[in-house]
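Q: Got a structure for you, written out below as C-alpha cells; questions coming shortly.
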There are 2 protein chains.
Amino acid sequence: VPRTKRSGEFELIARYFAPLAKGFAGARGLKSDNAFLPGDSRHDIVVKTDTIVSGVHFLADEKSGLVAQRALRVCLSDLAAGGATPFGYQVGLSLQPDWTERWIRGFARGLAADQRRYRVSLTGGDTTRTPGPTTITVTAFGKVPRGRGIGRDGARVGDELWVSGTIGDAALGLLAIQKKIEGAALERRYRLPLPRVLLGPRLLGVAHAAADVSDGLLADAGHIADASKLAVTIERDLVPLSPTAKKVLTGSSALWPRALAGGDDYELLMAIPKHRRPLLLAAARSAGIKVTRIGAFAKGRGVQLTVTGQPAKVSLRGYAHF
Amino acid sequence: VPRTKRSGEFELIARYFAPLAKGFAGARGLKSDNAFLPGDSRHDIVVKTDTIVSGVHFLADEKSGLVAQRALRVCLSDLAAGGATPFGYQVGLSLQPDWTERWIRGFARGLAADQRRYRVSLTGGDTTRTPGPTTITVTAFGKVPRGRGIGRDGARVGDELWVSGTIGDAALGLLAIQKKIEGAALERRYRLPLPRVLLGPRLLGVAHAAADVSDGLLADAGHIADASKLAVTIERDLVPLSPTAKKVLTGSSALWPRALAGGDDYELLMAIPKHRRPLLLAAARSAGIKVTRIGAFAKGRGVQLTVTGQPAKVSLRGYAHF
C-alpha cells in the first residue's frame, strides 16, 4: 500500500505526456509536480492533481473522513513544495458498488474539517459510480507571487539538502498497522499526512528547489537532483527520526531502507544555498516546523547515501507500486 | 453505458458537497457545472472536472484515442456552456491491470489530435494503477471575461429555449452499436462527442443561461429550469433530428423517450430572450453551427413536453446510471 512508484510512471510521462505539455510553459515539461496557470497580474495559480485508489493508496477499510483528508492533503503537500498558499480544490469521486450514504457523510465531514484547518474551499467536481474500487482524484489550487513558484529543477551545486519534520514514520507506521512491528505511535503518520502548508509559502526566496516526500526520501531527493541535472548525497546519520522510529530502527536496522524509501512522509525536501540557512531557520521557526540538513548537491548524477561517512548502496528507491 | 445519472447524484451534491463550497462564490453553490476562479483582472478561469470509467461511461473495448478524446471533450462541452474558451487540462489516469503501452500511445495520440483541434494543452496530472477498470478524470480550464461566465441559473420568464445541432443521435447510436437498431451513421455520435467549443464563447451577452446536453435533453433542460426556479416547456415536434435519427424514430416511435432522455448529445441548451434572437442566429452562423428553438421558460417548476400541442408525460428523465 505504500504510495510509491516504479520508474515506469516517469518513463510514461516523459515519452507520452510531456510532449503534450510542451506548448504550455506553466506545465514546466511535467518535470514539476505542479502546473502554473496565469492568475492575476501579481499571482500564478498553482495546480496539482493526485489520484488515490482504495486498496492501493489507502486501506480499503479506512475511515472515509481520513480517506477524504488523505486525498486532499497529498495535493496540499505538493502545493506547499511549490511555495503556494492553497485556496480551493475540485474532487472527482468514483464510488464502488457497495458505497453507503454513511461513507459519504464521513467523507464530507473529513473535508469540512480540513477546509477549516487549511483555509480551502471545494470549488467543484464530479461524482460517479464504478464497478471497481473507490477512486478519488483531487485537483487542488494555490497561489504564488507571479513567476516565483518553486520547482524541482532549481537546485545548484553546493546547495544543502534540508528536510522538514521526521522521516520513516509513515512507512514504519504501515508495518505497525500490519502488526509486523510494534509502533502504535506511528500508525497515525501513515493514516493521515500532515502537509507542510505553513512552511511552503515561507520558502519563496529561500529554497532553490523543493519537493514533497511522497515516493520516499531517496526517490524524491533523486527527483530534485535529476530535474536539476545534479547529484545529491544524503548522510543517513543526519536523517531526522521520531523517538519511536529511532527505537524501531535501533532494534531492527534492516528496516532502514524501508524508512528511507518507503514514502508517504509528506515532509518537504529543500535545496538551500548555504548563505540562506538563517532565512530557512527563521522561516521554519515562524511556521513552527523543525528542519534538518541531511545532505548536499554536487556535480554529477544520481543519489548517494553515506552511513557514518562510508558510501552505502542505494538499492531501494521505492517499491514497485505503479 | 449512457452517461446519465439518477437524481441520487444531485441529492448527494446538495446534501454533502454544496455546504463545502458555500464559502467560495465562484463555485456557484455547485449548481453550475463549472467553477469560476479569479484569473487576471479581465478574466475568470472556468474549471470543469469529469470522470469517465471503462464499461460505465465508455465501452470497455473502445479505442484508447477515442477514450482520451471523450474524457477531454465532455469537459470542453461544459466549458463551452459556460461561455469559456478552453486553454488547458489536467489528467488523472488510473490504469487497469492489463494496460499496455500501446493503449497509452493511442491515448496520447488522441489527446494530441484534440490539442490541435481545440487549441488546448496538457498542464499536468497523475498516472497510477488500479485493480478496477481504467478511470480517467479530466479537469479542464478555460477563460471568460471577468464575471460574465454563463451558468444554469440565469433563465428568465419568457426566455426561449434553443438547442444546437441535433438531438438523439448518440443515444440511438449506442443502440446501433448494440445491434438493436440499424443506424451505422449514428454510431460515431455516441463514440465521440463534438463539443460546441466555437459556439460557447459567442453566447456571452446573448444567453441568459446555458448547459450542455450530457444527461439527456429533458434532464438538462430541467437542470436549467430548476437552477433558474422556473418551468420549461419543450415542443417535441421542434426538436432537431438528423436524417438518420428521423428515419429511426419514424419507424419506431417508441424510441422517442430514448432520443430525448438518452444523453451524450453534447449539444448546447440555451435560454435566450426573444429580442436577442438575431444575436443568437448571428453567433451560430459565425460558429458554423445550426441552432433551433424548441421551447420556452415560464413561471412554475419542472419540465413539460408537448407533442403536437398536447402535454405528454415526461416519464424518462435519464436512465438510472449513477
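Each chain of the C-alpha cells is named A, B, ... in the order shown, its residues numbered from 1; ligands are numbered from 1 in display order.
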Determine which residues of chain B sit within 8 Å of chain A, taking into account only C-alpha atoms, and present them as a ChimeraX atom specification.
A: /B:9,16-17,20-21,23-24,26-27,30,33-36,38-41,47-51,53,56,90-94,104-105,108,111-112,115,121-133,137,139,322
Q: Enumerate as number ranges by chain all residues of region 38-199 of chain A assigned to helix (DSSP H, G or I) by DSSP on the backbone, naming them with the chain letters and numbers the document uses.
A: A: 64-81, 101-118, 169-177, 184-191
Q: Need the shell around Glu182 (chain B): protein/DNA/RNA residues with any atom at most 9 Å away, counting only C-alpha atoms. Skip same-chain ones fewer than 5 positions apart. Format as an NGL selection string?
A: :B and (173 or 175-177 or 248)
Q: Using only C-alpha atoms, can you tell me which of B:Leu59, B:Ile272, B:Leu305, B:Val197 comes closest to Glu235 (chain B)?
A: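 Counting only C-alpha atoms, the residue closest to Glu235 (chain B) is B:Leu305.
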Q: Using only C-alpha atoms, pick whichever of B:Leu79, B:Val314, B:Leu174, B:Ala155 has the shortest atom-to-atom distance to Ala271 (chain B).
A: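 Between B:Leu79, B:Val314, B:Leu174, B:Ala155, the residue approaching Ala271 (chain B) most closely is B:Ala155.
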Q: May I ask for the distance between CA of Val74 (chain B) and CA of Ala140 (chain B), given in Å to one decimal place?
A: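 CA of Val74 (chain B) sits 9.6 Å away from CA of Ala140 (chain B).
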Q: At a cut-off of 9 Å, using only C-alpha atoms, what residues contact Trp103 (chain A)? Leave out same-chain residues fewer than 5 positions from it and give the result as an NGL selection string.
A: :A and (63-65 or 108)
Q: Find the residues near Val291 (chain B): any atom within 10 Å, counting only C-alpha atoms, skip ones fewer than 3 places away on the same chain, and give them as a ChimeraX atom specification.
A: /B:162-166,199,240,267-270,280-281,283-285,288,294
Q: What's the 12 Å shell around Gln178 (chain A), counting only C-alpha atoms, without same-chain residues fewer than 6 positions away, as a list in words?
A: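 With the cut-off at 12 Å, the set is Val1, Leu59, Ala171, Leu172, Ala184, Leu186, Glu187 and Tyr190 of chain A.
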Q: Can you pull out the residues contacting His223 (chain A)? Cut-off 12 Å, using only C-alpha atoms, and skip same-chain residues under 3 positions away; I want them as a ChimeraX atom specification.
A: /A:7,10,31-33,151-155,209-220,226-232,269-271,301-303,317
Q: Can you write out the residues you just picked, keeping N, CA, C and O atoms, as a CSV table (one decimal), in the first residue's frame?
A:
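Final file, again.csv:
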chain,number,residue,atom,x,y,z
A,7,SER,N,9.8,3.2,-11.7
A,7,SER,CA,10.2,4.3,-12.7
A,7,SER,C,9.3,4.3,-13.9
A,7,SER,O,9.2,5.3,-14.6
A,10,PHE,N,7.5,7.5,-14.5
A,10,PHE,CA,8.3,8.7,-15.1
A,10,PHE,C,8.6,8.5,-16.6
A,10,PHE,O,8.6,9.4,-17.3
A,31,LYS,N,8.0,18.2,-15.4
A,31,LYS,CA,9.1,17.8,-14.5
A,31,LYS,C,8.8,18.3,-13.1
A,31,LYS,O,9.6,18.0,-12.2
A,32,SER,N,7.9,19.2,-13.0
A,32,SER,CA,7.5,19.7,-11.7
A,32,SER,C,6.2,18.9,-11.3
A,32,SER,O,5.5,18.4,-12.1
A,33,ASP,N,6.0,18.8,-10.0
A,33,ASP,CA,4.7,18.1,-9.6
A,33,ASP,C,3.6,19.1,-9.8
A,33,ASP,O,2.4,18.6,-10.0
A,151,GLY,N,10.1,25.0,-8.1
A,151,GLY,CA,10.1,23.7,-8.8
A,151,GLY,C,11.1,22.7,-8.3
A,151,GLY,O,11.8,23.0,-7.3
A,152,ARG,N,11.2,21.6,-9.0
A,152,ARG,CA,12.2,20.6,-8.6
A,152,ARG,C,13.5,20.8,-9.2
A,152,ARG,O,14.5,20.3,-8.8
A,153,ASP,N,13.5,21.7,-10.2
A,153,ASP,CA,14.7,21.8,-11.1
A,153,ASP,C,15.6,23.0,-10.9
A,153,ASP,O,16.5,23.3,-11.7
A,154,GLY,N,15.5,23.6,-9.7
A,154,GLY,CA,16.4,24.8,-9.5
A,154,GLY,C,17.6,24.6,-8.6
A,154,GLY,O,18.3,25.6,-8.3
A,155,ALA,N,17.8,23.4,-8.1
A,155,ALA,CA,19.0,23.1,-7.2
A,155,ALA,C,20.3,23.5,-7.9
A,155,ALA,O,20.4,23.3,-9.1
A,209,ALA,N,15.0,24.9,-4.9
A,209,ALA,CA,14.1,23.8,-5.4
A,209,ALA,C,13.5,23.1,-4.2
A,209,ALA,O,14.0,23.2,-3.1
A,210,ALA,N,12.4,22.5,-4.4
A,210,ALA,CA,11.7,21.7,-3.3
A,210,ALA,C,10.9,20.6,-3.9
A,210,ALA,O,10.4,20.7,-5.1
A,211,ALA,N,10.6,19.6,-3.1
A,211,ALA,CA,9.6,18.5,-3.5
A,211,ALA,C,9.1,18.0,-2.2
A,211,ALA,O,9.7,18.1,-1.1
A,212,ASP,N,7.9,17.4,-2.2
A,212,ASP,CA,7.5,16.7,-1.0
A,212,ASP,C,7.9,15.2,-1.0
A,212,ASP,O,8.3,14.7,-2.1
A,213,VAL,N,8.0,14.6,0.1
A,213,VAL,CA,8.4,13.2,0.2
A,213,VAL,C,7.2,12.4,0.1
A,213,VAL,O,6.5,12.1,1.1
A,214,SER,N,6.8,12.0,-1.1
A,214,SER,CA,5.7,11.1,-1.2
A,214,SER,C,6.1,9.7,-1.7
A,214,SER,O,5.7,8.7,-1.3
A,215,ASP,N,7.1,9.7,-2.6
A,215,ASP,CA,7.6,8.4,-3.1
A,215,ASP,C,8.7,7.8,-2.2
A,215,ASP,O,9.0,6.6,-2.4
A,216,GLY,N,9.2,8.6,-1.3
A,216,GLY,CA,10.3,8.1,-0.5
A,216,GLY,C,11.5,9.1,-0.5
A,216,GLY,O,11.7,9.7,-1.5
A,217,LEU,N,12.1,9.2,0.6
A,217,LEU,CA,13.2,10.2,0.7
A,217,LEU,C,14.2,10.1,-0.4
A,217,LEU,O,14.6,11.1,-1.0
A,218,LEU,N,14.7,8.9,-0.6
A,218,LEU,CA,15.8,8.7,-1.6
A,218,LEU,C,15.2,9.0,-3.0
A,218,LEU,O,15.9,9.7,-3.8
A,219,ALA,N,14.0,8.5,-3.3
A,219,ALA,CA,13.5,8.7,-4.6
A,219,ALA,C,13.2,10.2,-4.9
A,219,ALA,O,13.5,10.8,-5.9
A,220,ASP,N,12.6,10.9,-3.9
A,220,ASP,CA,12.3,12.3,-4.1
A,220,ASP,C,13.5,13.2,-4.1
A,220,ASP,O,13.5,14.2,-4.9
A,226,ASP,N,17.8,14.9,-10.4
A,226,ASP,CA,17.6,14.6,-11.8
A,226,ASP,C,17.1,15.9,-12.5
A,226,ASP,O,17.6,16.3,-13.6
A,227,ALA,N,16.1,16.5,-11.9
A,227,ALA,CA,15.5,17.7,-12.6
A,227,ALA,C,16.5,18.8,-12.7
A,227,ALA,O,16.4,19.6,-13.6
A,228,SER,N,17.4,18.9,-11.7
A,228,SER,CA,18.4,19.9,-11.6
A,228,SER,C,19.7,19.5,-12.3
A,228,SER,O,20.6,20.3,-12.3
A,229,LYS,N,19.7,18.3,-12.8
A,229,LYS,CA,20.9,17.8,-13.5
A,229,LYS,C,22.1,17.8,-12.6
A,229,LYS,O,23.2,18.2,-13.0
A,230,LEU,N,21.9,17.3,-11.4
A,230,LEU,CA,23.0,17.3,-10.4
A,230,LEU,C,23.0,15.9,-9.7
A,230,LEU,O,22.1,15.1,-9.9
A,231,ALA,N,24.0,15.7,-8.8
A,231,ALA,CA,24.0,14.5,-7.9
A,231,ALA,C,23.6,15.1,-6.5
A,231,ALA,O,23.8,16.2,-6.2
A,232,VAL,N,23.1,14.2,-5.7
A,232,VAL,CA,22.8,14.5,-4.3
A,232,VAL,C,23.3,13.5,-3.4
A,232,VAL,O,23.2,12.3,-3.7
A,269,LEU,N,11.3,18.4,1.1
A,269,LEU,CA,12.8,18.4,0.8
A,269,LEU,C,13.1,19.7,0.1
A,269,LEU,O,12.4,20.1,-0.8
A,270,MET,N,14.2,20.3,0.6
A,270,MET,CA,14.5,21.7,0.1
A,270,MET,C,16.0,21.8,-0.3
A,270,MET,O,16.9,21.4,0.5
A,271,ALA,N,16.3,22.4,-1.4
A,271,ALA,CA,17.6,22.7,-1.8
A,271,ALA,C,17.9,24.2,-1.4
A,271,ALA,O,17.3,25.1,-1.9
A,301,ARG,N,25.4,13.0,-11.2
A,301,ARG,CA,24.1,12.5,-11.3
A,301,ARG,C,23.8,11.4,-10.3
A,301,ARG,O,24.7,10.8,-9.8
A,302,GLY,N,22.6,11.3,-9.9
A,302,GLY,CA,22.2,10.2,-9.0
A,302,GLY,C,22.1,10.6,-7.5
A,302,GLY,O,22.5,11.7,-7.1
A,303,VAL,N,21.8,9.6,-6.7
A,303,VAL,CA,21.6,9.7,-5.3
A,303,VAL,C,22.7,8.9,-4.6
A,303,VAL,O,22.9,7.7,-4.9
A,317,ARG,N,14.8,2.4,-4.0
A,317,ARG,CA,14.3,3.8,-4.2
A,317,ARG,C,12.8,3.9,-4.3
A,317,ARG,O,12.3,4.8,-4.9
Q: Point out the residue among B:Ala261, B:Leu241, B:Ile289, B:Ala221 with the least atom-to-atom distance to Arg202 (chain B), counting only C-alpha atoms.
A: B:Ile289
Q: Provide the CA of Ala80 (chain A) to CA of Leu76 (chain B) distance in Å, to one decimal place.
A: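 Computed distance, CA of Ala80 (chain A) to CA of Leu76 (chain B), equals 29.3 Å.
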Q: Using only C-alpha atoms, can you tell me which of B:Ala225, B:Ile181, B:Val239, B:Leu161 comes closest to Gly251 (chain B)?
A: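 Result for the nearest residue to Gly251 (chain B): B:Ile181.
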Q: Go through B:Arg196, B:Phe58, B:Leu255, B:Arg116 one by one, measure the shortest atom-to-atom distance of each to Gly83 (chain B) using only C-alpha atoms, and give the residue with the smallest value.
A: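 So, comparing all the options, the nearest one is B:Arg196.
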Q: Write down as a PyMOL selection string the residues of region 232-266 of chain B whose backbone DSSP state falls under strand (DSSP E or B).
A: chain B and resi 232-235
Q: Between CA of Gly149 (chain B) and CA of Val67 (chain B), what is the distance, to one decimal in Å?
A: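 CA of Gly149 (chain B) sits 28.2 Å away from CA of Val67 (chain B).
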